[in-house]
>>> print(open('run33.cif').read())   # mmCIF, C-alpha atoms
data_coords
#
loop_
_atom_site.group_PDB
_atom_site.id
_atom_site.type_symbol
_atom_site.label_atom_id
_atom_site.label_comp_id
_atom_site.auth_asym_id
_atom_site.auth_seq_id
_atom_site.Cartn_x
_atom_site.Cartn_y
_atom_site.Cartn_z
ATOM 1 C CA MET U 107 -89.394 5.208 47.774
ATOM 2 C CA HIS U 108 -85.675 5.476 47.015
ATOM 3 C CA LEU U 109 -85.439 8.829 48.791
ATOM 4 C CA ARG U 110 -87.206 7.406 51.850
ATOM 5 C CA GLY U 111 -84.818 4.452 51.885
ATOM 6 C CA THR U 112 -81.873 6.859 51.749
ATOM 7 C CA GLY U 113 -83.382 8.682 54.714
ATOM 8 C CA TYR U 114 -83.555 5.437 56.695
ATOM 9 C CA ALA U 115 -79.930 4.633 55.809
ATOM 10 C CA LEU U 116 -78.706 8.079 56.839
ATOM 11 C CA THR U 117 -80.661 7.820 60.097
ATOM 12 C CA ALA U 118 -78.932 4.506 60.813
ATOM 13 C CA SER U 119 -75.546 6.103 60.038
ATOM 14 C CA LEU U 120 -76.373 8.968 62.403
ATOM 15 C CA MET U 121 -77.315 6.548 65.199
ATOM 16 C CA PHE U 122 -74.218 4.382 64.697
ATOM 17 C CA GLY U 123 -71.971 7.451 64.489
ATOM 18 C CA PHE U 124 -73.395 8.701 67.786
ATOM 19 C CA GLY U 125 -72.877 5.209 69.188
ATOM 20 C CA VAL U 126 -69.141 5.347 68.446
ATOM 21 C CA VAL U 127 -68.751 8.293 70.828
ATOM 22 C CA LEU U 128 -70.998 6.708 73.468
ATOM 23 C CA ALA U 129 -69.025 3.462 73.254
ATOM 24 C CA LYS U 130 -65.833 5.416 73.820
ATOM 25 C CA LEU U 131 -67.336 6.991 76.943
ATOM 26 C CA LEU U 132 -68.366 3.562 78.234
ATOM 27 C CA SER U 133 -65.142 1.727 77.362
ATOM 28 C CA GLY U 134 -63.211 3.143 80.309
ATOM 29 C CA GLU U 135 -65.811 2.079 82.870
ATOM 30 C CA ILE U 136 -67.500 -1.150 81.690
ATOM 31 C CA ASP U 137 -65.971 -4.122 79.901
ATOM 32 C CA ALA U 138 -66.794 -3.942 76.196
ATOM 33 C CA VAL U 139 -68.125 -7.523 76.110
ATOM 34 C CA LEU U 140 -70.577 -6.655 78.890
ATOM 35 C CA VAL U 141 -71.600 -3.491 77.018
ATOM 36 C CA ALA U 142 -72.276 -5.516 73.869
ATOM 37 C CA PHE U 143 -74.267 -8.180 75.740
ATOM 38 C CA LEU U 144 -76.326 -5.675 77.734
ATOM 39 C CA SER U 145 -77.008 -3.620 74.621
ATOM 40 C CA LEU U 146 -78.175 -6.599 72.574
ATOM 41 C CA SER U 147 -80.279 -8.163 75.334
ATOM 42 C CA ILE U 148 -81.899 -4.995 76.719
ATOM 43 C CA GLY U 149 -82.432 -3.614 73.215
ATOM 44 C CA GLY U 150 -84.087 -6.856 72.143
ATOM 45 C CA LEU U 151 -86.343 -6.866 75.222
ATOM 46 C CA LEU U 152 -87.362 -3.236 74.613
ATOM 47 C CA LEU U 153 -88.337 -3.986 71.018
ATOM 48 C CA THR U 154 -90.191 -7.109 72.141
ATOM 49 C CA GLY U 155 -92.130 -5.019 74.663
ATOM 50 C CA PHE U 156 -92.981 -2.507 71.958
ATOM 51 C CA LEU U 157 -94.197 -5.374 69.767
ATOM 52 C CA LEU U 158 -96.531 -6.499 72.559
ATOM 53 C CA PHE U 159 -97.717 -2.917 73.046
ATOM 54 C CA THR U 160 -98.726 -2.748 69.387
ATOM 55 C CA GLY U 161 -100.697 -5.980 69.727
ATOM 56 C CA ASN U 162 -98.156 -8.233 68.011
ATOM 57 C CA SER U 163 -95.929 -11.009 69.273
ATOM 58 C CA LEU U 164 -92.275 -11.868 68.791
ATOM 59 C CA PHE U 165 -93.363 -15.282 67.476
ATOM 60 C CA HIS U 166 -96.127 -13.971 65.200
ATOM 61 C CA ASN U 167 -96.179 -15.850 61.838
ATOM 62 C CA LEU U 168 -92.801 -17.488 62.493
ATOM 63 C CA SER U 169 -94.360 -20.855 61.670
ATOM 64 C CA VAL U 170 -94.663 -19.858 58.005
ATOM 65 C CA LEU U 171 -90.913 -19.316 57.655
ATOM 66 C CA ASN U 172 -89.029 -21.921 55.687
ATOM 67 C CA ARG U 173 -85.641 -23.485 56.337
ATOM 68 C CA ALA U 174 -83.800 -20.872 54.282
ATOM 69 C CA ASP U 175 -85.394 -18.074 56.326
ATOM 70 C CA TRP U 176 -84.236 -19.604 59.610
ATOM 71 C CA ILE U 177 -80.731 -20.047 58.226
ATOM 72 C CA ASN U 178 -80.701 -16.361 57.271
ATOM 73 C CA ILE U 179 -81.944 -15.382 60.756
ATOM 74 C CA PHE U 180 -79.100 -17.387 62.292
ATOM 75 C CA LEU U 181 -76.550 -15.848 59.911
ATOM 76 C CA LEU U 182 -77.821 -12.339 60.620
ATOM 77 C CA SER U 183 -77.949 -12.692 64.416
ATOM 78 C CA CYS U 184 -74.798 -14.705 65.050
ATOM 79 C CA ILE U 185 -72.453 -14.354 62.066
ATOM 80 C CA GLY U 186 -73.538 -10.828 61.105
ATOM 81 C CA THR U 187 -74.086 -9.242 64.528
ATOM 82 C CA ALA U 188 -72.890 -10.986 67.715
ATOM 83 C CA LEU U 189 -69.611 -12.591 66.578
ATOM 84 C CA PRO U 190 -68.389 -9.482 64.692
ATOM 85 C CA LEU U 191 -69.047 -7.415 67.828
ATOM 86 C CA LEU U 192 -67.027 -9.889 69.886
ATOM 87 C CA LEU U 193 -64.139 -9.938 67.394
ATOM 88 C CA ILE U 194 -64.063 -6.143 67.181
ATOM 89 C CA VAL U 195 -64.111 -5.787 70.964
ATOM 90 C CA ALA U 196 -61.259 -8.275 71.317
ATOM 91 C CA GLY U 197 -59.338 -6.545 68.534
ATOM 92 C CA PHE U 198 -59.563 -3.070 70.035
ATOM 93 C CA THR U 199 -57.914 -4.336 73.222
ATOM 94 C CA ARG U 200 -54.852 -5.329 71.170
ATOM 95 C CA THR U 201 -54.468 -2.379 68.788
ATOM 96 C CA SER U 202 -54.968 1.370 68.698
ATOM 97 C CA ALA U 203 -58.365 2.961 68.221
ATOM 98 C CA LEU U 204 -57.156 4.877 65.144
ATOM 99 C CA GLU U 205 -55.868 1.816 63.317
ATOM 100 C CA GLY U 206 -58.874 -0.231 64.383
ATOM 101 C CA GLY U 207 -61.237 2.478 63.181
ATOM 102 C CA PHE U 208 -59.554 2.535 59.790
ATOM 103 C CA ILE U 209 -59.805 -1.245 59.391
ATOM 104 C CA LEU U 210 -63.404 -1.285 60.630
ATOM 105 C CA GLN U 211 -64.441 0.921 57.704
ATOM 106 C CA LEU U 212 -63.715 -1.996 55.387
ATOM 107 C CA ASN U 213 -67.088 -3.461 56.393
ATOM 108 C CA GLY U 214 -68.730 -1.263 53.744
ATOM 109 C CA MET U 215 -66.466 -2.602 51.018
ATOM 110 C CA ALA U 216 -67.060 -6.159 52.256
ATOM 111 C CA ALA U 217 -70.841 -5.612 52.118
ATOM 112 C CA LEU U 218 -70.521 -4.215 48.599
ATOM 113 C CA ILE U 219 -68.547 -7.257 47.405
ATOM 114 C CA PHE U 220 -70.965 -9.701 49.067
ATOM 115 C CA ALA U 221 -73.921 -7.893 47.463
ATOM 116 C CA LEU U 222 -72.366 -8.213 44.012
ATOM 117 C CA LEU U 223 -71.418 -11.880 44.451
ATOM 118 C CA LEU U 224 -74.319 -13.323 46.457
ATOM 119 C CA LEU U 225 -77.248 -11.071 45.544
ATOM 120 C CA HIS U 226 -76.070 -10.436 41.953
ATOM 121 C CA GLU U 227 -76.683 -6.699 42.352
ATOM 122 C CA ARG U 228 -75.129 -4.319 39.837
ATOM 123 C CA PHE U 229 -74.422 -0.605 39.660
ATOM 124 C CA ARG U 230 -73.647 1.815 36.835
ATOM 125 C CA LEU U 231 -70.394 3.626 36.129
ATOM 126 C CA ARG U 232 -71.613 6.894 37.666
ATOM 127 C CA GLN U 233 -72.655 5.074 40.814
ATOM 128 C CA GLY U 234 -69.251 3.388 40.937
ATOM 129 C CA LEU U 235 -67.635 6.836 40.853
ATOM 130 C CA GLY U 236 -69.839 7.921 43.744
ATOM 131 C CA ILE U 237 -68.911 4.813 45.743
ATOM 132 C CA LEU U 238 -65.217 5.458 45.121
ATOM 133 C CA LEU U 239 -65.483 9.084 46.260
ATOM 134 C CA LEU U 240 -67.415 8.074 49.366
ATOM 135 C CA LEU U 241 -64.911 5.379 50.320
ATOM 136 C CA VAL U 242 -61.953 7.715 49.803
ATOM 137 C CA GLY U 243 -63.660 10.491 51.777
ATOM 138 C CA SER U 244 -64.562 8.179 54.661
ATOM 139 C CA THR U 245 -61.002 6.870 54.742
ATOM 140 C CA LEU U 246 -59.620 10.403 54.995
ATOM 141 C CA VAL U 247 -61.970 11.116 57.890
ATOM 142 C CA VAL U 248 -60.878 7.989 59.773
ATOM 143 C CA LEU U 249 -57.171 8.477 59.044
ATOM 144 C CA LYS U 250 -56.895 11.404 61.458
ATOM 145 C CA GLY U 251 -53.580 11.053 63.223
ATOM 146 C CA SER U 252 -52.970 7.499 62.054
ATOM 147 C CA GLN U 253 -50.039 8.638 59.880
ATOM 148 C CA GLY U 254 -51.723 7.360 56.738
ATOM 149 C CA GLY U 255 -51.662 3.654 57.332
ATOM 150 C CA VAL U 256 -51.984 0.619 59.547
ATOM 151 C CA ASP U 257 -49.028 -1.016 61.295
ATOM 152 C CA TRP U 258 -49.892 -4.690 60.795
ATOM 153 C CA LYS U 259 -46.681 -5.811 62.543
ATOM 154 C CA SER U 260 -47.283 -4.102 65.893
ATOM 155 C CA GLY U 261 -51.079 -4.421 65.715
ATOM 156 C CA GLY U 262 -50.810 -8.050 64.731
ATOM 157 C CA LEU U 263 -53.661 -10.166 66.032
ATOM 158 C CA GLY U 264 -55.777 -7.161 67.032
ATOM 159 C CA ASN U 265 -55.896 -5.801 63.492
ATOM 160 C CA LEU U 266 -56.760 -9.231 62.096
ATOM 161 C CA LEU U 267 -59.592 -9.654 64.605
ATOM 162 C CA ILE U 268 -61.068 -6.275 63.670
ATOM 163 C CA LEU U 269 -60.712 -7.117 59.975
ATOM 164 C CA ALA U 270 -62.612 -10.387 60.548
ATOM 165 C CA GLY U 271 -65.291 -8.484 62.479
ATOM 166 C CA ALA U 272 -65.628 -5.915 59.690
ATOM 167 C CA ILE U 273 -66.075 -8.681 57.125
ATOM 168 C CA GLY U 274 -68.721 -10.269 59.364
ATOM 169 C CA LEU U 275 -70.651 -7.000 59.621
ATOM 170 C CA GLY U 276 -70.498 -6.659 55.846
ATOM 171 C CA PHE U 277 -71.748 -10.201 55.383
ATOM 172 C CA GLY U 278 -74.687 -9.411 57.683
ATOM 173 C CA PHE U 279 -76.096 -7.143 54.977
ATOM 174 C CA ILE U 280 -76.909 -10.204 52.842
ATOM 175 C CA PRO U 281 -79.287 -12.080 55.184
ATOM 176 C CA ALA U 282 -80.738 -8.738 56.316
ATOM 177 C CA LYS U 283 -81.637 -7.894 52.717
ATOM 178 C CA ARG U 284 -83.030 -11.387 52.028
ATOM 179 C CA LEU U 285 -85.218 -11.234 55.143
ATOM 180 C CA SER U 286 -86.445 -7.686 54.536
ATOM 181 C CA GLU U 287 -89.453 -8.909 52.533
ATOM 182 C CA ARG U 288 -90.064 -12.017 54.639
ATOM 183 C CA ILE U 289 -90.348 -10.682 58.205
ATOM 184 C CA GLU U 290 -91.692 -7.387 59.552
ATOM 185 C CA THR U 291 -88.896 -4.938 60.422
ATOM 186 C CA LEU U 292 -89.601 -4.561 64.145
ATOM 187 C CA GLN U 293 -90.010 -8.304 64.688
ATOM 188 C CA LEU U 294 -86.834 -9.180 62.788
ATOM 189 C CA THR U 295 -84.762 -6.572 64.635
ATOM 190 C CA ALA U 296 -85.972 -7.858 68.018
ATOM 191 C CA LEU U 297 -85.093 -11.433 67.011
ATOM 192 C CA ARG U 298 -81.703 -10.294 65.749
ATOM 193 C CA LEU U 299 -80.793 -8.615 69.029
ATOM 194 C CA LEU U 300 -82.090 -11.370 71.313
ATOM 195 C CA LEU U 301 -80.431 -14.193 69.376
ATOM 196 C CA GLY U 302 -77.233 -12.150 69.226
ATOM 197 C CA ALA U 303 -77.336 -11.722 73.015
ATOM 198 C CA ALA U 304 -77.897 -15.475 73.406
ATOM 199 C CA THR U 305 -74.754 -16.052 71.333
ATOM 200 C CA LEU U 306 -72.675 -13.855 73.670
ATOM 201 C CA LEU U 307 -74.212 -15.209 76.893
ATOM 202 C CA PRO U 308 -71.853 -18.228 77.288
ATOM 203 C CA ILE U 309 -68.826 -15.937 76.845
ATOM 204 C CA VAL U 310 -70.129 -13.490 79.456
ATOM 205 C CA VAL U 311 -70.848 -16.333 81.912
ATOM 206 C CA PHE U 312 -67.351 -17.746 81.366
ATOM 207 C CA GLN U 313 -65.755 -14.365 82.071
ATOM 208 C CA ILE U 314 -67.812 -13.830 85.216
ATOM 209 C CA LEU U 315 -66.984 -17.301 86.576
ATOM 210 C CA PHE U 316 -63.317 -17.586 85.625
ATOM 211 C CA GLU U 317 -62.027 -14.090 84.770
ATOM 212 C CA SER U 318 -64.002 -11.887 87.149
ATOM 213 C CA GLN U 319 -60.861 -10.108 88.385
ATOM 214 C CA SER U 320 -60.006 -8.869 84.882
ATOM 215 C CA LEU U 321 -63.610 -7.949 84.053
ATOM 216 C CA LEU U 322 -63.957 -4.161 84.004
ATOM 217 C CA TRP U 323 -66.970 -2.944 85.953
ATOM 218 C CA GLN U 324 -66.569 0.596 87.330
ATOM 219 C CA PRO U 325 -69.787 2.388 86.306
ATOM 220 C CA SER U 326 -70.136 6.080 87.118
ATOM 221 C CA PHE U 327 -72.711 8.776 86.452
ATOM 222 C CA THR U 328 -71.544 8.847 82.821
ATOM 223 C CA SER U 329 -72.452 5.185 82.404
ATOM 224 C CA LEU U 330 -75.886 5.716 83.958
ATOM 225 C CA TRP U 331 -76.945 7.947 81.061
ATOM 226 C CA ALA U 332 -74.590 6.821 78.280
ATOM 227 C CA LEU U 333 -75.509 3.114 78.353
ATOM 228 C CA PRO U 334 -79.319 3.593 78.064
ATOM 229 C CA VAL U 335 -78.838 6.175 75.310
ATOM 230 C CA TYR U 336 -76.399 3.847 73.531
ATOM 231 C CA ILE U 337 -78.938 1.010 73.645
ATOM 232 C CA LEU U 338 -81.798 3.181 72.369
ATOM 233 C CA THR U 339 -79.839 4.826 69.566
ATOM 234 C CA SER U 340 -77.456 2.226 68.125
ATOM 235 C CA PHE U 341 -79.186 -1.034 69.002
ATOM 236 C CA CYS U 342 -82.844 -0.010 68.685
ATOM 237 C CA LEU U 343 -83.246 2.979 66.376
ATOM 238 C CA GLY U 344 -80.059 2.237 64.412
ATOM 239 C CA TYR U 345 -80.830 -1.373 63.536
ATOM 240 C CA LEU U 346 -84.521 -0.576 62.987
ATOM 241 C CA SER U 347 -83.679 2.202 60.518
ATOM 242 C CA GLN U 348 -81.149 0.035 58.731
ATOM 243 C CA GLN U 349 -83.576 -2.868 58.369
ATOM 244 C CA ALA U 350 -86.357 -0.548 57.168
ATOM 245 C CA GLY U 351 -83.955 0.808 54.567
ATOM 246 C CA PHE U 352 -83.271 -2.683 53.245
ATOM 247 C CA ARG U 353 -86.924 -2.877 52.155
ATOM 248 C CA LEU U 354 -86.389 0.111 49.853
ATOM 249 C CA LEU U 355 -82.719 -0.044 48.852
ATOM 250 C CA LYS U 356 -80.344 -2.566 47.380
ATOM 251 C CA ALA U 357 -77.724 -3.985 49.726
ATOM 252 C CA TRP U 358 -74.884 -2.201 47.932
ATOM 253 C CA GLU U 359 -76.741 1.112 48.233
ATOM 254 C CA MET U 360 -77.132 0.600 51.978
ATOM 255 C CA ALA U 361 -73.449 -0.331 52.275
ATOM 256 C CA THR U 362 -72.456 2.803 50.399
ATOM 257 C CA ILE U 363 -74.564 5.192 52.470
ATOM 258 C CA MET U 364 -73.445 3.549 55.717
ATOM 259 C CA GLN U 365 -69.902 4.695 54.909
ATOM 260 C CA THR U 366 -71.011 8.107 56.224
ATOM 261 C CA VAL U 367 -70.806 6.789 59.814
ATOM 262 C CA PRO U 368 -67.313 8.371 60.334
ATOM 263 C CA LEU U 369 -68.716 11.764 59.348
ATOM 264 C CA PHE U 370 -71.338 11.617 62.088
ATOM 265 C CA SER U 371 -68.971 10.126 64.654
ATOM 266 C CA THR U 372 -66.487 12.935 63.980
ATOM 267 C CA ILE U 373 -69.181 15.600 64.407
ATOM 268 C CA PHE U 374 -70.328 14.080 67.715
ATOM 269 C CA ALA U 375 -66.703 13.737 68.861
ATOM 270 C CA VAL U 376 -66.217 17.464 68.271
ATOM 271 C CA LEU U 377 -69.417 18.339 70.137
ATOM 272 C CA MET U 378 -69.136 15.902 73.050
ATOM 273 C CA LEU U 379 -65.436 15.036 73.394
ATOM 274 C CA HIS U 380 -64.070 18.429 72.289
ATOM 275 C CA ASP U 381 -62.121 16.822 69.483
ATOM 276 C CA THR U 382 -60.851 18.879 66.547
ATOM 277 C CA ILE U 383 -61.369 18.522 62.791
ATOM 278 C CA THR U 384 -58.237 18.562 60.655
ATOM 279 C CA PRO U 385 -58.132 19.954 57.095
ATOM 280 C CA LEU U 386 -57.714 16.370 55.848
ATOM 281 C CA GLN U 387 -60.952 15.382 57.592
ATOM 282 C CA ALA U 388 -62.758 18.377 56.106
ATOM 283 C CA VAL U 389 -61.676 17.373 52.590
ATOM 284 C CA GLY U 390 -62.665 13.777 53.309
ATOM 285 C CA GLY U 391 -66.079 14.862 54.573
ATOM 286 C CA PHE U 392 -66.718 16.888 51.420
ATOM 287 C CA LEU U 393 -65.698 13.976 49.161
ATOM 288 C CA ALA U 394 -67.848 11.549 51.154
ATOM 289 C CA VAL U 395 -70.938 13.757 50.924
ATOM 290 C CA LEU U 396 -70.379 14.329 47.207
ATOM 291 C CA GLY U 397 -69.867 10.603 46.595
ATOM 292 C CA GLY U 398 -72.962 9.729 48.599
ATOM 293 C CA ILE U 399 -75.091 12.113 46.531
ATOM 294 C CA ILE U 400 -73.788 10.680 43.252
ATOM 295 C CA ALA U 401 -74.208 7.058 44.349
ATOM 296 C CA SER U 402 -77.694 7.425 45.826
ATOM 297 C CA LEU U 403 -79.306 9.728 43.249
ATOM 298 C CA SER U 404 -77.833 8.573 39.927
ATOM 299 C CA ASP U 405 -80.147 5.556 39.799
ATOM 300 C CA ARG U 406 -83.377 7.548 40.109
ATOM 301 C CA LYS U 407 -83.586 8.602 36.486
ATOM 302 C CA PRO U 408 -83.871 5.142 34.916
ATOM 303 C CA THR U 409 -86.397 4.121 37.564
ATOM 304 C CA LEU U 410 -88.782 6.902 36.552
ATOM 305 C CA ILE U 411 -88.748 6.018 32.859
ATOM 306 C CA VAL U 412 -90.017 2.461 33.185
ATOM 307 C CA PRO U 413 -93.586 2.543 34.660
ATOM 308 C CA THR U 414 -96.842 3.055 32.819
ATOM 309 C CA ALA U 415 -95.910 4.547 29.469
ATOM 310 C CA VAL U 416 -95.791 1.161 27.765
ATOM 311 C CA THR U 417 -98.998 -0.244 29.248
ATOM 312 C CA PRO U 418 -101.588 1.704 27.219
ATOM 313 C CA PHE U 419 -99.882 0.832 23.952
ATOM 314 C CA GLN U 420 -99.909 -2.826 24.877
ATOM 315 C CA GLN U 421 -103.534 -2.819 25.948
ATOM 316 C CA GLU U 422 -105.027 -0.568 23.259
ATOM 317 C CA PRO U 423 -104.372 -2.805 20.250
ATOM 318 C CA GLY U 424 -105.897 -5.708 22.165
ATOM 319 C CA LYS U 425 -109.004 -3.679 22.866
ATOM 320 C CA ASP U 426 -109.321 -2.596 19.232
ATOM 321 C CA HIS U 427 -108.815 -6.140 18.041
ATOM 322 C CA ALA U 428 -111.482 -7.445 20.377
ATOM 323 C CA HIS U 429 -113.813 -4.673 19.266
ATOM 324 C CA HIS U 430 -113.398 -5.545 15.601
ATOM 325 C CA GLU U 431 -114.083 -9.168 16.299
#
>>> encode(input="run33.cif", output="structure tokens")
Amino acid sequence: MHLRGTGYALTASLMFGFGVVLAKLLSGEIDAVLVAFLSLSIGGLLLTGFLLFTGNSLFHNLSVLNRADWINIFLLSCIGTALPLLLIVAGFTRTSALEGGFILQLNGMAALIFALLLLHERFRLRQGLGILLLLVGSTLVVLKGSQGGVDWKSGGLGNLLILAGAIGLGFGFIPAKRLSERIETLQLTALRLLLGAATLLPIVVFQILFESQSLLWQPSFTSLWALPVYILTSFCLGYLSQQAGFRLLKAWEMATIMQTVPLFSTIFAVLMLHDTITPLQAVGGFLAVLGGIIASLSDRKPTLIVPTAVTPFQQEPGKDHAHHE
């Protein structure tokens, strides 16, 4: 179970890492707000169509949800998905990609803190060491060429917007975890994307009506293949894998494993954008992999000790006692 959940989390990291490169290809041709809206809406419609194909409905069993469930759906779709995307998009237009990428990695730490405070999850000392190694390794991967830090003075508002977006993404782990046992994965992911698109729709309409001249729309052949692949990977398979992992992992475990996104994005950047890996990135990648192994596997031992060994000893005396009577 735990190993399968780790597989789902790594699959989500792979999809999101691939999405970073695809988003970079699209950013020079289509406005990022339009990319986010199209990805959420088309992705949600595709998942809804797949639901219908399997004989289910988007509204199946929604009537049994209580008020707390609907609040969590709203928090996940709007506060944990759509608004962070909007803040991050706005932030990247005001700061460099390197600094923004470094700040964006704080979403994993934010998710970890929210999991400890709101879900009362705990981890052991060995797992804490693994988390620390993974965070340090991921930071080294992202710090390529950023001269080891973030210039908050020149970045200003852009860096703050990305920081707010990263915190929002981290907060989204909490309602996603709470809903993982309440709503089926495919149905919840479709709702998440469609409600997120509905949140961005007024902003898109406003830009089209009043800021159409500044709205970037110069699609080329690259966009014709990159946008559909981006929707299928990051917004369909990525969110589906992440939500499936929440059914098997704690929120802090998911947050920890998702810190491997820079590793995958760097690999795809080398393959597709002909980027280069620095020695610092190589060291960071090794530390991140090592930390991920320690954090994800150190909890398996206690889990295997608990199950059925106690049960026979609790039942047997009862049986003997009943027999004597």
>>> resolve_selection(input="run33.cif", expression="the PyMOL selection byres ((chain U and resi 184) around 10)", output="number ranges by chain")
U: 178-183, 185-191, 274, 278, 298-299, 301-306
>>> resolve_selection(input="run33.cif", expression="the PyMOL selection byres ((chain U and resi 372) around 9)", output="list in words")
Gly123, Phe124, Val127, Val247, Val248, Val367, Pro368, Leu369, Phe370, Ser371, Ile373, Phe374, Ala375, Val376, Leu377, Asp381, Thr382, Ile383 and Gln387 of chain U
>>> resolve_selection(input="run33.cif", expression="the PyMOL selection byres ((chain U and resi 391) around 10)", output="short mmCIF file (atom, residue, chain, number, x, y, z; two decimals) with C-alpha atoms, in the frame of the given file")
data_model
loop_
_atom_site.label_atom_id
_atom_site.label_comp_id
_atom_site.auth_asym_id
_atom_site.auth_seq_id
_atom_site.Cartn_x
_atom_site.Cartn_y
_atom_site.Cartn_z
CA LEU U 240 -67.42 8.07 49.37
CA VAL U 242 -61.95 7.72 49.80
CA GLY U 243 -63.66 10.49 51.78
CA SER U 244 -64.56 8.18 54.66
CA THR U 245 -61.00 6.87 54.74
CA LEU U 246 -59.62 10.40 55.00
CA VAL U 247 -61.97 11.12 57.89
CA THR U 366 -71.01 8.11 56.22
CA PRO U 368 -67.31 8.37 60.33
CA LEU U 369 -68.72 11.76 59.35
CA PHE U 370 -71.34 11.62 62.09
CA THR U 372 -66.49 12.94 63.98
CA PRO U 385 -58.13 19.95 57.10
CA LEU U 386 -57.71 16.37 55.85
CA GLN U 387 -60.95 15.38 57.59
CA ALA U 388 -62.76 18.38 56.11
CA VAL U 389 -61.68 17.37 52.59
CA GLY U 390 -62.66 13.78 53.31
CA PHE U 392 -66.72 16.89 51.42
CA LEU U 393 -65.70 13.98 49.16
CA ALA U 394 -67.85 11.55 51.15
CA VAL U 395 -70.94 13.76 50.92
CA LEU U 396 -70.38 14.33 47.21
CA GLY U 397 -69.87 10.60 46.60
#
>>> closest_residue(input="run33.cif", among="U:Ser119, U:Thr112, U:Gln313, U:Gln233", to="Leu343 in chain U", atoms="all atoms listed in the file")
U:Ser119
>>> residues_around(input="run33.cif", residues="Tyr345 in chain U", least_positions_apart="4", cutoff="7 Å", atoms="all atoms listed in the file", output="VMD selection string")
chain U and resid 118 295 340 to 341 349
>>> write_last_selection(input="run33.cif", atoms="C-alpha atoms", output="PDB file, in the coordinates of the input")
ATOM      1  CA  ALA U 118     -78.932   4.506  60.813  1.00  0.00           C
ATOM      2  CA  THR U 295     -84.762  -6.572  64.635  1.00  0.00           C
ATOM      3  CA  SER U 340     -77.456   2.226  68.125  1.00  0.00           C
ATOM      4  CA  PHE U 341     -79.186  -1.034  69.002  1.00  0.00           C
ATOM      5  CA  GLN U 349     -83.576  -2.868  58.369  1.00  0.00           C
TER       6      GLN U 349
END
>>> closest_residue(input="run33.cif", among="U:Leu275, U:Leu153, U:Leu168, U:Met215", to="Arg288 in chain U", atoms="all atoms listed in the file")
U:Leu168
